[in-house]
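Shown next, in structure tokens, is the structure this report addresses.
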Amino acid sequence: MRNIKLVIEYDGTDFYGWQVQIKSQRTVQAEIEKALKKIFKKHVTLFGSGRTDSGVHALGQVANFHAATKLPIATIQTALNANLPKDIAVVGIEEVGARFHARFSVKSKTYRYTILNRPARCAIERRSCLFYPYPLNLRLMRAEAKVLAGRHDFRSFQAANPSRDDKATTVRTVHRIEIKKKDDFIHIDIEADGFLYKMVRNIVGTLLGIGSGKLPKGSMRRILKRKDRSVAPAPAKPQGLTLVEVKY
């Protein structure tokens, strides 16, 4: 039995998230498992590094599966891409040790939120960024974001979800948070040892409130310390969010 690791890219626009659902919604995991079944003629369970929600994209989602096969690694990748829909691509593949697990072996993940900050909307990249035509104070946003670095209780930035265990710890360690501007695009990169449900989108929603002047200076620290989701603004929309990298 071989343990195969995949690096997966997908446009999340038309998916109901990563994880297989009880109902018949289209999900990334389900589409890949369908392709695996075509290749191996039996159901193969795919283990992902974590869930991405409806509308969220990935450049470096990681998953693994076990299969008793002699097919070369390159052949498996070619076969998967031939059987997957156009909005999913396997961009990396390798055989790993038996102890590797895409979810439980994770050391950190990096998400990027992309904002188009100009008066005119974008036609080409509209599915992968948030159009925000109002002025933003990037210097203040960067200063406020520094409060999030380190180990904290991020309860204020966790959205409630009945399907998830909200009683689990809400403490996470943010290794890095960077806000960069390139032309008309603002990229907010956050690397952490793990993320709560909608944590990145809730943080970005708060940063937009601060950058636009709707929230006063010091709001990030105040919201973080309150440990209360009701004191933070609404989350940013999902189309601007991309899972960029998973480290092991």
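Starting from 1 in every chain, residues are counted up; chains themselves are A, B, ... following the order of the structure tokens, and ligands are numbered from 1 as listed.
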Per residue of range 133-158 of chain A within 10 Å of range 105-117 of chain A, note the shortest atom pair and the distance in Å to one decimal, counting only C-alpha atoms, and order the rows by chain and increasing residue number, as CSV.
residue,atom,partner,partner_atom,distance
A:Pro133,CA,A:Asn117,CA,5.3
A:Tyr134,CA,A:Asn117,CA,6.9
A:Pro135,CA,A:Asn117,CA,7.5
A:Leu136,CA,A:Asn117,CA,8.0
Could you take the residues named above and write them with C-alpha atoms, as a compact mmCIF listing (two decimals), in the first residue's frame?
# COMPACT_ATOMS: atom_id res chain seq x y z
CA PRO A 133 -13.03 51.03 -4.84
CA TYR A 134 -12.56 53.19 -1.72
CA PRO A 135 -9.28 54.64 -0.36
CA LEU A 136 -7.38 52.51 2.18
Can you tell me, as an mmCIF file with all heavy atoms, in the first residue's frame, what residues are no more than 6 Å from range 176-180 of chain A when counting only C-alpha atoms, ignoring any on the same chain fewer than 5 positions away?
data_model
loop_
_atom_site.group_PDB
_atom_site.id
_atom_site.type_symbol
_atom_site.label_atom_id
_atom_site.label_comp_id
_atom_site.auth_asym_id
_atom_site.auth_seq_id
_atom_site.Cartn_x
_atom_site.Cartn_y
_atom_site.Cartn_z
ATOM 1 N N ILE A 186 -3.872 44.731 -3.602
ATOM 2 C CA ILE A 186 -3.339 44.616 -2.242
ATOM 3 C C ILE A 186 -3.398 43.143 -1.852
ATOM 4 O O ILE A 186 -4.446 42.505 -1.971
ATOM 5 C CB ILE A 186 -4.165 45.456 -1.248
ATOM 6 C CG1 ILE A 186 -4.082 46.942 -1.609
ATOM 7 C CG2 ILE A 186 -3.684 45.223 0.186
ATOM 8 C CD1 ILE A 186 -5.090 47.805 -0.867
ATOM 9 N N HIS A 187 -2.265 42.609 -1.385
ATOM 10 C CA HIS A 187 -2.205 41.210 -0.967
ATOM 11 C C HIS A 187 -1.959 41.150 0.532
ATOM 12 O O HIS A 187 -0.991 41.730 1.038
ATOM 13 C CB HIS A 187 -1.080 40.471 -1.698
ATOM 14 C CG HIS A 187 -1.219 40.477 -3.187
ATOM 15 N ND1 HIS A 187 -2.243 39.833 -3.837
ATOM 16 C CD2 HIS A 187 -0.473 41.070 -4.155
ATOM 17 C CE1 HIS A 187 -2.119 39.993 -5.136
ATOM 18 N NE2 HIS A 187 -1.064 40.760 -5.367
ATOM 19 N N ILE A 188 -2.823 40.455 1.242
ATOM 20 C CA ILE A 188 -2.661 40.230 2.685
ATOM 21 C C ILE A 188 -2.320 38.765 2.889
ATOM 22 O O ILE A 188 -3.158 37.883 2.655
ATOM 23 C CB ILE A 188 -3.946 40.600 3.452
ATOM 24 C CG1 ILE A 188 -4.324 42.064 3.184
ATOM 25 C CG2 ILE A 188 -3.764 40.345 4.952
ATOM 26 C CD1 ILE A 188 -5.656 42.487 3.784
ATOM 27 N N ASP A 189 -1.086 38.489 3.283
ATOM 28 C CA ASP A 189 -0.607 37.119 3.492
ATOM 29 C C ASP A 189 -0.549 36.827 4.983
ATOM 30 O O ASP A 189 0.056 37.596 5.745
ATOM 31 C CB ASP A 189 0.778 36.920 2.890
ATOM 32 C CG ASP A 189 0.771 36.937 1.369
ATOM 33 O OD1 ASP A 189 -0.322 37.007 0.787
ATOM 34 O OD2 ASP A 189 1.861 36.876 0.777
ATOM 35 N N ILE A 190 -1.137 35.712 5.392
ATOM 36 C CA ILE A 190 -1.104 35.296 6.799
ATOM 37 C C ILE A 190 -0.640 33.847 6.871
ATOM 38 O O ILE A 190 -1.266 32.960 6.272
ATOM 39 C CB ILE A 190 -2.483 35.430 7.474
ATOM 40 C CG1 ILE A 190 -3.040 36.851 7.314
ATOM 41 C CG2 ILE A 190 -2.377 35.060 8.958
ATOM 42 C CD1 ILE A 190 -4.411 37.052 7.934
ATOM 43 N N GLU A 191 0.445 33.612 7.609
ATOM 44 C CA GLU A 191 0.933 32.256 7.856
ATOM 45 C C GLU A 191 0.737 31.935 9.329
ATOM 46 O O GLU A 191 1.117 32.723 10.203
ATOM 47 C CB GLU A 191 2.415 32.122 7.501
ATOM 48 C CG GLU A 191 2.961 30.727 7.750
ATOM 49 C CD GLU A 191 4.451 30.592 7.453
ATOM 50 O OE1 GLU A 191 5.057 31.572 6.985
ATOM 51 O OE2 GLU A 191 5.005 29.501 7.727
#
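A straight line drawn from CA of Gly209 in chain A to CA of Asp153 in chain A is 20.8 Å long.
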Write out as a PyMOL selection string which residues come within 10 Å of Phe100 in chain A when counting only C-alpha atoms, dropping same-chain ones fewer than 6 positions away. chain A and resi 3-5+64+106+248
May I have the residues from that selection written out with all heavy atoms, as a PDB file, in the first residue's frame?
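Result file follows (result-v5.pdb):
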ATOM      1  N   ASN A   3       1.556   5.468  -0.124  1.00  0.00           N
ATOM      2  CA  ASN A   3       0.983   6.716   0.369  1.00  0.00           C
ATOM      3  C   ASN A   3       1.372   7.812  -0.623  1.00  0.00           C
ATOM      4  O   ASN A   3       2.556   8.121  -0.776  1.00  0.00           O
ATOM      5  CB  ASN A   3       1.520   7.021   1.765  1.00  0.00           C
ATOM      6  CG  ASN A   3       0.743   8.139   2.459  1.00  0.00           C
ATOM      7  OD1 ASN A   3      -0.297   8.583   1.977  1.00  0.00           O
ATOM      8  ND2 ASN A   3       1.252   8.586   3.592  1.00  0.00           N
ATOM      9  N   ILE A   4       0.392   8.391  -1.297  1.00  0.00           N
ATOM     10  CA  ILE A   4       0.651   9.354  -2.355  1.00  0.00           C
ATOM     11  C   ILE A   4       0.202  10.745  -1.914  1.00  0.00           C
ATOM     12  O   ILE A   4      -0.939  10.940  -1.488  1.00  0.00           O
ATOM     13  CB  ILE A   4      -0.100   8.968  -3.656  1.00  0.00           C
ATOM     14  CG1 ILE A   4       0.150   7.502  -4.020  1.00  0.00           C
ATOM     15  CG2 ILE A   4       0.307   9.907  -4.791  1.00  0.00           C
ATOM     16  CD1 ILE A   4       1.582   7.160  -4.315  1.00  0.00           C
ATOM     17  N   LYS A   5       1.101  11.702  -2.035  1.00  0.00           N
ATOM     18  CA  LYS A   5       0.821  13.095  -1.667  1.00  0.00           C
ATOM     19  C   LYS A   5       0.565  13.921  -2.928  1.00  0.00           C
ATOM     20  O   LYS A   5       1.321  13.839  -3.898  1.00  0.00           O
ATOM     21  CB  LYS A   5       2.012  13.673  -0.902  1.00  0.00           C
ATOM     22  CG  LYS A   5       1.927  15.165  -0.607  1.00  0.00           C
ATOM     23  CD  LYS A   5       3.245  15.647  -0.003  1.00  0.00           C
ATOM     24  CE  LYS A   5       3.276  17.158   0.147  1.00  0.00           C
ATOM     25  NZ  LYS A   5       4.612  17.638   0.584  1.00  0.00           N
ATOM     26  N   ASN A  64      -3.556  13.571   0.620  1.00  0.00           N
ATOM     27  CA  ASN A  64      -2.891  12.284   0.391  1.00  0.00           C
ATOM     28  C   ASN A  64      -3.923  11.167   0.345  1.00  0.00           C
ATOM     29  O   ASN A  64      -5.041  11.303   0.845  1.00  0.00           O
ATOM     30  CB  ASN A  64      -1.832  12.005   1.460  1.00  0.00           C
ATOM     31  CG  ASN A  64      -2.402  11.637   2.813  1.00  0.00           C
ATOM     32  OD1 ASN A  64      -3.043  12.454   3.482  1.00  0.00           O
ATOM     33  ND2 ASN A  64      -2.176  10.398   3.235  1.00  0.00           N
ATOM     34  N   VAL A 106       0.694  18.767   9.331  1.00  0.00           N
ATOM     35  CA  VAL A 106       0.886  20.175   8.960  1.00  0.00           C
ATOM     36  C   VAL A 106       1.632  20.951  10.048  1.00  0.00           C
ATOM     37  O   VAL A 106       1.350  20.819  11.231  1.00  0.00           O
ATOM     38  CB  VAL A 106      -0.481  20.858   8.713  1.00  0.00           C
ATOM     39  CG1 VAL A 106      -0.315  22.367   8.538  1.00  0.00           C
ATOM     40  CG2 VAL A 106      -1.157  20.263   7.495  1.00  0.00           C
ATOM     41  N   TYR A 248       5.207  21.293   5.852  1.00  0.00           N
ATOM     42  CA  TYR A 248       5.279  20.070   6.672  1.00  0.00           C
ATOM     43  C   TYR A 248       6.670  19.925   7.264  1.00  0.00           C
ATOM     44  O   TYR A 248       7.624  20.496   6.796  1.00  0.00           O
ATOM     45  CB  TYR A 248       4.939  18.857   5.819  1.00  0.00           C
ATOM     46  CG  TYR A 248       3.497  18.848   5.354  1.00  0.00           C
ATOM     47  CD1 TYR A 248       3.152  19.424   4.132  1.00  0.00           C
ATOM     48  CD2 TYR A 248       2.490  18.320   6.143  1.00  0.00           C
ATOM     49  CE1 TYR A 248       1.835  19.448   3.721  1.00  0.00           C
ATOM     50  CE2 TYR A 248       1.175  18.346   5.738  1.00  0.00           C
ATOM     51  CZ  TYR A 248       0.861  18.902   4.528  1.00  0.00           C
ATOM     52  OH  TYR A 248      -0.472  18.927   4.122  1.00  0.00           O
TER      53      TYR A 248
END
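Using only C-alpha atoms, the shortest contact distance between Leu207 in chain A and any of A:Gly60, A:Pro235, A:Gly55, A:Gly92 is found at A:Pro235.
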Taking into account only C-alpha atoms, which residue in the set A:Ser54, A:Thr242, A:Ser128, A:Asn83 is nearest to Val200 in chain A? A:Thr242
Return as an MDAnalysis selection string the full set of residues in range 3-234 of chain A whose backbone-based DSSP assignment is strand (DSSP E or B). chainID A and resid 3:10 47:48 57:67 88:96 108:116 130:131 150:153 171:182 185:192
Taking the DSSP assignment computed from this structure's backbone, write out as an MDAnalysis selection string all residues of range 1-247 of chain A that belong to alpha helix (DSSP H). chainID A and resid 28:40 73:83 138:145 199:211 219:226
Tell me which protein, DNA and RNA residues are within 12 Å of range 229-232 of chain A, counting only C-alpha atoms, leaving out same-chain ones fewer than 5 positions away, and put them as a ChimeraX atom specification. /A:153-160,170,196-199,201-210,214-215,219-224
Skip Ile39 in chain A itself and residues of its chain fewer than 6 positions away, then list as a PDB file with N, CA and C atoms, in the first residue's frame all residues within 12 Å of it, counting only C-alpha atoms.
ATOM      1  N   ILE A  32     -12.163  14.903  -6.913  1.00  0.00           N
ATOM      2  CA  ILE A  32     -10.895  14.169  -6.984  1.00  0.00           C
ATOM      3  C   ILE A  32     -11.112  12.696  -6.663  1.00  0.00           C
ATOM      4  N   GLU A  33     -11.985  12.409  -5.696  1.00  0.00           N
ATOM      5  CA  GLU A  33     -12.270  11.004  -5.386  1.00  0.00           C
ATOM      6  C   GLU A  33     -12.951  10.298  -6.558  1.00  0.00           C
ATOM      7  N   ALA A  67      -3.031   3.704  -1.890  1.00  0.00           N
ATOM      8  CA  ALA A  67      -3.451   2.833  -2.992  1.00  0.00           C
ATOM      9  C   ALA A  67      -2.436   1.724  -3.205  1.00  0.00           C
ATOM     10  N   ALA A  68      -2.954   0.537  -3.454  1.00  0.00           N
ATOM     11  CA  ALA A  68      -2.088  -0.605  -3.803  1.00  0.00           C
ATOM     12  C   ALA A  68      -1.962  -0.617  -5.323  1.00  0.00           C
ATOM     13  N   THR A  69      -0.948   0.042  -5.815  1.00  0.00           N
ATOM     14  CA  THR A  69      -0.778   0.175  -7.261  1.00  0.00           C
ATOM     15  C   THR A  69       0.705   0.203  -7.620  1.00  0.00           C
ATOM     16  N   LEU A  71       1.471   1.694 -10.593  1.00  0.00           N
ATOM     17  CA  LEU A  71       1.542   2.777 -11.570  1.00  0.00           C
ATOM     18  C   LEU A  71       2.615   3.791 -11.177  1.00  0.00           C
ATOM     19  N   THR A  75       2.436   8.853 -14.036  1.00  0.00           N
ATOM     20  CA  THR A  75       1.258   8.325 -14.718  1.00  0.00           C
ATOM     21  C   THR A  75      -0.010   8.624 -13.922  1.00  0.00           C
ATOM     22  N   ILE A  76       0.084   8.512 -12.598  1.00  0.00           N
ATOM     23  CA  ILE A  76      -1.068   8.817 -11.744  1.00  0.00           C
ATOM     24  C   ILE A  76      -1.455  10.289 -11.893  1.00  0.00           C
ATOM     25  N   GLN A  77      -0.452  11.168 -11.890  1.00  0.00           N
ATOM     26  CA  GLN A  77      -0.742  12.601 -12.044  1.00  0.00           C
ATOM     27  C   GLN A  77      -1.398  12.894 -13.389  1.00  0.00           C
ATOM     28  N   THR A  78      -0.865  12.313 -14.453  1.00  0.00           N
ATOM     29  CA  THR A  78      -1.435  12.523 -15.787  1.00  0.00           C
ATOM     30  C   THR A  78      -2.871  12.013 -15.861  1.00  0.00           C
ATOM     31  N   ALA A  79      -3.099  10.850 -15.270  1.00  0.00           N
ATOM     32  CA  ALA A  79      -4.440  10.263 -15.284  1.00  0.00           C
ATOM     33  C   ALA A  79      -5.427  11.105 -14.481  1.00  0.00           C
ATOM     34  N   LEU A  80      -4.981  11.615 -13.339  1.00  0.00           N
ATOM     35  CA  LEU A  80      -5.861  12.464 -12.534  1.00  0.00           C
ATOM     36  C   LEU A  80      -6.256  13.721 -13.305  1.00  0.00           C
ATOM     37  N   ASN A  81      -5.278  14.398 -13.884  1.00  0.00           N
ATOM     38  CA  ASN A  81      -5.584  15.633 -14.598  1.00  0.00           C
ATOM     39  C   ASN A  81      -6.457  15.392 -15.831  1.00  0.00           C
ATOM     40  N   ALA A  82      -6.336  14.205 -16.404  1.00  0.00           N
ATOM     41  CA  ALA A  82      -7.180  13.869 -17.557  1.00  0.00           C
ATOM     42  C   ALA A  82      -8.631  13.640 -17.143  1.00  0.00           C
ATOM     43  N   ASN A  83      -8.847  13.254 -15.886  1.00  0.00           N
ATOM     44  CA  ASN A  83     -10.193  12.921 -15.408  1.00  0.00           C
ATOM     45  C   ASN A  83     -10.815  13.989 -14.511  1.00  0.00           C
ATOM     46  N   LEU A  84     -10.060  15.032 -14.215  1.00  0.00           N
ATOM     47  CA  LEU A  84     -10.577  16.100 -13.359  1.00  0.00           C
ATOM     48  C   LEU A  84     -11.191  17.218 -14.196  1.00  0.00           C
TER      49      LEU A  84
END
